Amino acid sequence: MKITIHRGTNQIGGCITEIQSSKGNKILIDLGHNLPNGDDNADDVFDKQENLNAILKGVSDIFYSHYHGDHIGFEAKIPATIKQHMGELAIKMVSMLKHHMIFAKDLKDDAEASLNALCKFEPYKAFERVQYGDIFVTPLPVSHSAVDAYMFLIECDGCMVLHSGDFRDHGYYATQKLDAIKNYLAQNVDVLITEGTMLGRGDKRVMSEQELQNEAVRKLKGRYNFILCSSMDIDRIVSFSKAREIIDKRIRIIADSYQVAQIKTVKKELPYPYSELFAYPYGRDMKHEFPRMKRYGFMMFVRDSPSFEKRIDEVIAETGILPSEINFVYSQFEGYIKEDHKAFRPRLCNFVHRYNWNLIKLHTSGHASKEALRRLVEITNPQMAIIPIHKEKDSNFAELQLDSNLQDKIVTQSKCFEKQVGNQKVRVEIEIK
């Protein structure tokens with residue numbers, strides 16, 4: 001058996017993990033595109049088809065842990081002979097995103113190509129153990145800032161590998177209690193491949209979604225609120241929706257038709273407690289809404305685009321609400337609006353500071369805290385190796401202060417192991433590129 005970490009040990013995003021059995025069967029876990037720096041397009045060696053073909057040689061199946069672009073991004077370039085898999089709800093969510101992107105002329109062709117690929121995806125189901133050649137894969141649902149996200153339990157050549165994907169334990173649906181993972185382990189995990197996003201982000205305690213909701217109740221007493229968060233981060237939308245219920249049920253929650261469609265899609269699958277949203281269609285005015293917004297207040301979800309700039313300008317002009325009366329809630333990674341951060345996005349920063357309103361930063365990560373990472377390692381108790389991925393180059397898993405037995409199993413360079421399986425020894429090769 002061979003585990004190859006093609007990418008991820010020294011960067012966040014763009015993760016690619018390969019599992020190959022002793023018989024030569026080969027699968028990939030995630031095939032993510034590199035993240036961009038700021039407003040620039042992301043460069044990626046696999047944008048060249050010949051490089052992509054090289055990494056796909058011999059691969060039969062690709063399993064995507066969730067729909068974020070740093071985990072899925074090349075789906076339209078994958079040969080038809082290779083099967084692609086993702087959760088059923090996740091496929092619906094990203095398909096809706098691509099349908100929405102078709103309206104942008106510069107994105108139309110790529111979006112249509114992606115949709116053609118997505119319609120051929122084969123969905124996997126939570127907790128359903130399926131055999132692919134001589135490799136077994138069991139998806140385990142986790143909480144993340146994307147709905148329908150998964151870890152993967154992989155059985156191959158008598159060994160068990162757990163690939164965490166991106167996860168956290170502070171969302172609303174968190175097996176989303178980590179202790180539940182024990183119920184699905186037929187034996188001890190041999191190799192744990194786990195994310196480490198938060199390792200390089202200091203020791204600040206990670207706020208839970210429930211705590212974020214409580215903070216929203218406390219800070220959004222002002223009746224007029226524009227909210228910037230991911231349209232596909234349903235937990236976050238629920239946090240603000242539930243906060244509104246406590247503050248004042250007369251406050252209108254407003255979103256565009258795309259955002260409302262995403263929420264309705266999730267609502268059919270997951271028992272999230274939503275307030276009703278008012279959806280405004282593209283190219284249509286909201287004048288009949290302005291008197292109500294002025295009188296009772298609003299929570300309006302926005303995105304950093306010219307169309308939303310016009311919509312915000314219209315709301316302020318038509319209602320007569322002063323910018324000083326408005327809360328602008330920024331609920332995304334703070335690095336995007338910090339000039340000294342490599343992820344700084346000038347356009348987004350200008351959008352956030354468009355008016356002299358009351359800027360409120362209210363966000364929590366979609367990734368595992370140090371405490372959650374430590375607990376995952378202790379619960380799974382890997383017998384061979386712990387491989388940290390999805391982390392900054394200078395991040396160190398030693399920060400978790402594991403006991404010496406587990407600390408010694410952290411693998412950051414290529415290494416080989418042997419395991420006794422029945423009457424024979426199985427060789428497990430780990431290659432880190």
# chains A, B, ... in the order shown; residues from 1 in each chain; ligands from 1
call {"tool": "residues_around", "arguments": {"residues": "stretch 42-44 of chain A", "least_positions_apart": "5", "cutoff": "10 Å", "atoms": "only C-alpha atoms", "output": "list in words"}}
result
Gly14, Gly32, His33, Asn34, Leu35, Pro36, Asn37 and Asn51 of chain A
call {"tool": "select_by_dssp", "arguments": {"residues": "stretch 66-229 of chain A", "states": "strand (DSSP E)", "output": "PDB file with C-alpha atoms, in the first residue's frame"}}
result
ATOM      1  CA  LYS A  83     -15.368   8.461 -11.759  1.00  0.00           C
ATOM      2  CA  GLN A  84     -15.845  11.534  -9.565  1.00  0.00           C
ATOM      3  CA  HIS A  85     -17.708  11.396  -6.246  1.00  0.00           C
ATOM      4  CA  MET A  86     -19.147  13.922  -3.819  1.00  0.00           C
ATOM      5  CA  GLY A  87     -22.079  14.126  -1.406  1.00  0.00           C
ATOM      6  CA  GLU A 122     -21.649   9.691  -8.569  1.00  0.00           C
ATOM      7  CA  PRO A 123     -22.833  10.712  -5.076  1.00  0.00           C
ATOM      8  CA  TYR A 124     -21.657   8.794  -2.039  1.00  0.00           C
ATOM      9  CA  VAL A 130     -18.407   0.921  -0.676  1.00  0.00           C
ATOM     10  CA  GLN A 131     -15.747  -1.142  -2.414  1.00  0.00           C
ATOM     11  CA  TYR A 132     -13.701   0.327  -5.278  1.00  0.00           C
ATOM     12  CA  ILE A 135     -10.111  -0.304  -1.617  1.00  0.00           C
ATOM     13  CA  PHE A 136     -13.068   0.345   0.705  1.00  0.00           C
ATOM     14  CA  VAL A 137     -14.270   3.927   1.374  1.00  0.00           C
ATOM     15  CA  THR A 138     -16.688   5.036   4.111  1.00  0.00           C
ATOM     16  CA  PRO A 139     -17.695   8.742   4.177  1.00  0.00           C
ATOM     17  CA  LEU A 140     -18.243  10.187   7.671  1.00  0.00           C
ATOM     18  CA  PRO A 141     -20.159  13.505   7.864  1.00  0.00           C
ATOM     19  CA  VAL A 142     -18.459  16.433   9.581  1.00  0.00           C
ATOM     20  CA  ALA A 149     -18.719  17.779   4.078  1.00  0.00           C
ATOM     21  CA  TYR A 150     -17.005  14.491   4.940  1.00  0.00           C
ATOM     22  CA  MET A 151     -14.056  12.647   6.371  1.00  0.00           C
ATOM     23  CA  PHE A 152     -13.115   9.396   4.646  1.00  0.00           C
ATOM     24  CA  LEU A 153     -12.332   6.082   6.312  1.00  0.00           C
ATOM     25  CA  ILE A 154     -10.240   4.113   3.824  1.00  0.00           C
ATOM     26  CA  GLU A 155      -9.461   0.391   4.176  1.00  0.00           C
ATOM     27  CA  CYS A 156      -6.747  -1.056   1.995  1.00  0.00           C
ATOM     28  CA  CYS A 159      -4.733  -1.151   6.906  1.00  0.00           C
ATOM     29  CA  MET A 160      -7.057   1.671   7.918  1.00  0.00           C
ATOM     30  CA  VAL A 161      -6.521   5.303   6.923  1.00  0.00           C
ATOM     31  CA  LEU A 162      -8.643   8.217   8.125  1.00  0.00           C
ATOM     32  CA  HIS A 163      -8.534  11.344   5.955  1.00  0.00           C
ATOM     33  CA  VAL A 191      -2.630   6.398   9.445  1.00  0.00           C
ATOM     34  CA  LEU A 192      -4.370   9.678  10.196  1.00  0.00           C
ATOM     35  CA  ILE A 193      -4.206  12.366   7.497  1.00  0.00           C
ATOM     36  CA  THR A 194      -5.565  15.527   9.053  1.00  0.00           C
ATOM     37  CA  GLU A 195      -5.942  19.211   8.331  1.00  0.00           C
ATOM     38  CA  TYR A 224     -30.090  48.241   9.880  1.00  0.00           C
ATOM     39  CA  ASN A 225     -27.556  45.573   8.951  1.00  0.00           C
ATOM     40  CA  PHE A 226     -25.717  44.586   5.779  1.00  0.00           C
ATOM     41  CA  ILE A 227     -24.063  41.174   6.243  1.00  0.00           C
ATOM     42  CA  LEU A 228     -21.186  39.858   4.166  1.00  0.00           C
TER      43      LEU A 228
END
call {"tool": "atom_distance", "arguments": {"atom1": "atom CA of A:Arg427", "atom2": "atom CA of A:Met1"}}
result
6.3 Å
call {"tool": "closest_residue", "arguments": {"among": "A:Asn356, A:Val426, A:Ala117, A:Arg129", "to": "A:Leu322", "atoms": "only C-alpha atoms"}}
result
A:Asn356
call {"tool": "select_by_dssp", "arguments": {"residues": "stretch 315-382 of chain A", "states": "alpha helix (DSSP H)", "output": "MDAnalysis selection string"}}
result
chainID A and resid 315:319 346:352 370:380
call {"tool": "write_last_selection", "arguments": {"atoms": "C-alpha atoms", "output": "CSV table (one decimal), in the first residue's frame"}}
result
chain,number,residue,atom,x,y,z
A,315,VAL,CA,-31.2,51.2,-0.2
A,316,ILE,CA,-29.3,54.1,1.4
A,317,ALA,CA,-30.6,56.6,-1.1
A,318,GLU,CA,-34.3,55.5,-1.1
A,319,THR,CA,-34.7,54.9,2.6
A,346,PRO,CA,-8.2,45.2,-2.4
A,347,ARG,CA,-11.5,45.0,-4.1
A,348,LEU,CA,-13.2,43.3,-1.1
A,349,CYS,CA,-11.5,45.8,1.3
A,350,ASN,CA,-12.9,48.7,-0.7
A,351,PHE,CA,-16.3,47.2,-0.6
A,352,VAL,CA,-16.2,46.7,3.1
A,370,LYS,CA,-6.1,23.1,18.2
A,371,GLU,CA,-8.3,21.4,20.8
A,372,ALA,CA,-10.3,19.6,18.2
A,373,LEU,CA,-7.2,18.5,16.3
A,374,ARG,CA,-5.7,17.1,19.5
A,375,ARG,CA,-9.0,15.3,20.3
A,376,LEU,CA,-9.2,13.7,16.9
A,377,VAL,CA,-5.6,12.4,17.2
A,378,GLU,CA,-6.3,11.0,20.7
A,379,ILE,CA,-9.7,9.4,19.6
A,380,THR,CA,-8.2,7.7,16.6
call {"tool": "closest_residue", "arguments": {"among": "A:Asp39, A:Asp157, A:Asp47, A:Asp403", "to": "A:Gln420", "atoms": "only C-alpha atoms"}}
result
A:Asp157
call {"tool": "atom_distance", "arguments": {"atom1": "atom CA of A:Met198", "atom2": "atom CA of A:Lys393"}}
result
12.3 Å
call {"tool": "residues_around", "arguments": {"residues": "A:His144", "least_positions_apart": "5", "cutoff": "8 Å", "atoms": "only C-alpha atoms", "output": "number ranges by chain"}}
result
A: 149, 166-168, 171, 366-367
call {"tool": "write_last_selection", "arguments": {"atoms": "C-alpha atoms", "output": "compact mmCIF listing (two decimals), in the first residue's frame"}}
result
# COMPACT_ATOMS: atom_id res chain seq x y z
CA ALA A 149 -18.72 17.78 4.08
CA ASP A 166 -11.72 20.03 6.46
CA PHE A 167 -13.65 19.76 9.71
CA ARG A 168 -14.51 21.47 12.97
CA GLY A 171 -20.71 24.15 14.16
CA GLY A 366 -14.74 26.55 9.37
CA HIS A 367 -11.66 24.63 10.53
call {"tool": "closest_residue", "arguments": {"among": "A:Asp408, A:Asp109, A:Asp233, A:Glu209", "to": "A:Tyr67", "atoms": "only C-alpha atoms"}}
result
A:Asp233
call {"tool": "decode", "arguments": {"residues": "stretch 141-157 of chain A", "atoms": "N, CA and C atoms", "output": "mmCIF file, in the first residue's frame"}}
result
data_model
loop_
_atom_site.group_PDB
_atom_site.id
_atom_site.type_symbol
_atom_site.label_atom_id
_atom_site.label_comp_id
_atom_site.auth_asym_id
_atom_site.auth_seq_id
_atom_site.Cartn_x
_atom_site.Cartn_y
_atom_site.Cartn_z
ATOM 1 N N PRO A 141 -19.802 12.084 7.926
ATOM 2 C CA PRO A 141 -20.159 13.505 7.864
ATOM 3 C C PRO A 141 -19.496 14.319 8.967
ATOM 4 N N VAL A 142 -19.095 15.534 8.620
ATOM 5 C CA VAL A 142 -18.459 16.433 9.581
ATOM 6 C C VAL A 142 -19.049 17.832 9.435
ATOM 7 N N SER A 143 -18.800 18.649 10.434
ATOM 8 C CA SER A 143 -19.174 20.054 10.364
ATOM 9 C C SER A 143 -18.052 20.832 9.691
ATOM 10 N N HIS A 144 -18.434 21.730 8.794
ATOM 11 C CA HIS A 144 -17.468 22.613 8.122
ATOM 12 C C HIS A 144 -18.257 23.830 7.637
ATOM 13 N N SER A 145 -17.576 24.805 7.085
ATOM 14 C CA SER A 145 -18.263 25.980 6.541
ATOM 15 C C SER A 145 -18.820 25.684 5.151
ATOM 16 N N ALA A 146 -18.962 24.421 4.836
ATOM 17 C CA ALA A 146 -19.660 23.927 3.646
ATOM 18 C C ALA A 146 -20.549 22.786 4.112
ATOM 19 N N VAL A 147 -21.803 22.805 3.709
ATOM 20 C CA VAL A 147 -22.682 21.700 4.103
ATOM 21 C C VAL A 147 -22.300 20.439 3.341
ATOM 22 N N ASP A 148 -22.678 19.297 3.926
ATOM 23 C CA ASP A 148 -22.448 18.003 3.283
ATOM 24 C C ASP A 148 -20.954 17.741 3.070
ATOM 25 N N ALA A 149 -20.163 18.031 4.107
ATOM 26 C CA ALA A 149 -18.719 17.779 4.078
ATOM 27 C C ALA A 149 -18.424 16.463 4.798
ATOM 28 N N TYR A 150 -17.286 15.839 4.443
ATOM 29 C CA TYR A 150 -17.005 14.491 4.940
ATOM 30 C C TYR A 150 -15.528 14.259 5.246
ATOM 31 N N MET A 151 -15.314 13.372 6.227
ATOM 32 C CA MET A 151 -14.056 12.647 6.371
ATOM 33 C C MET A 151 -14.201 11.358 5.567
ATOM 34 N N PHE A 152 -13.065 10.686 5.329
ATOM 35 C CA PHE A 152 -13.115 9.396 4.646
ATOM 36 C C PHE A 152 -12.336 8.366 5.442
ATOM 37 N N LEU A 153 -12.987 7.242 5.717
ATOM 38 C CA LEU A 153 -12.332 6.082 6.312
ATOM 39 C C LEU A 153 -11.991 5.137 5.172
ATOM 40 N N ILE A 154 -10.706 4.880 4.982
ATOM 41 C CA ILE A 154 -10.240 4.113 3.824
ATOM 42 C C ILE A 154 -9.573 2.831 4.315
ATOM 43 N N GLU A 155 -10.036 1.690 3.818
ATOM 44 C CA GLU A 155 -9.461 0.391 4.176
ATOM 45 C C GLU A 155 -8.779 -0.203 2.948
ATOM 46 N N CYS A 156 -7.533 -0.581 3.127
ATOM 47 C CA CYS A 156 -6.747 -1.056 1.995
ATOM 48 C C CYS A 156 -5.637 -1.958 2.504
ATOM 49 N N ASP A 157 -5.521 -3.160 1.934
ATOM 50 C CA ASP A 157 -4.432 -4.084 2.287
ATOM 51 C C ASP A 157 -4.346 -4.335 3.790
#
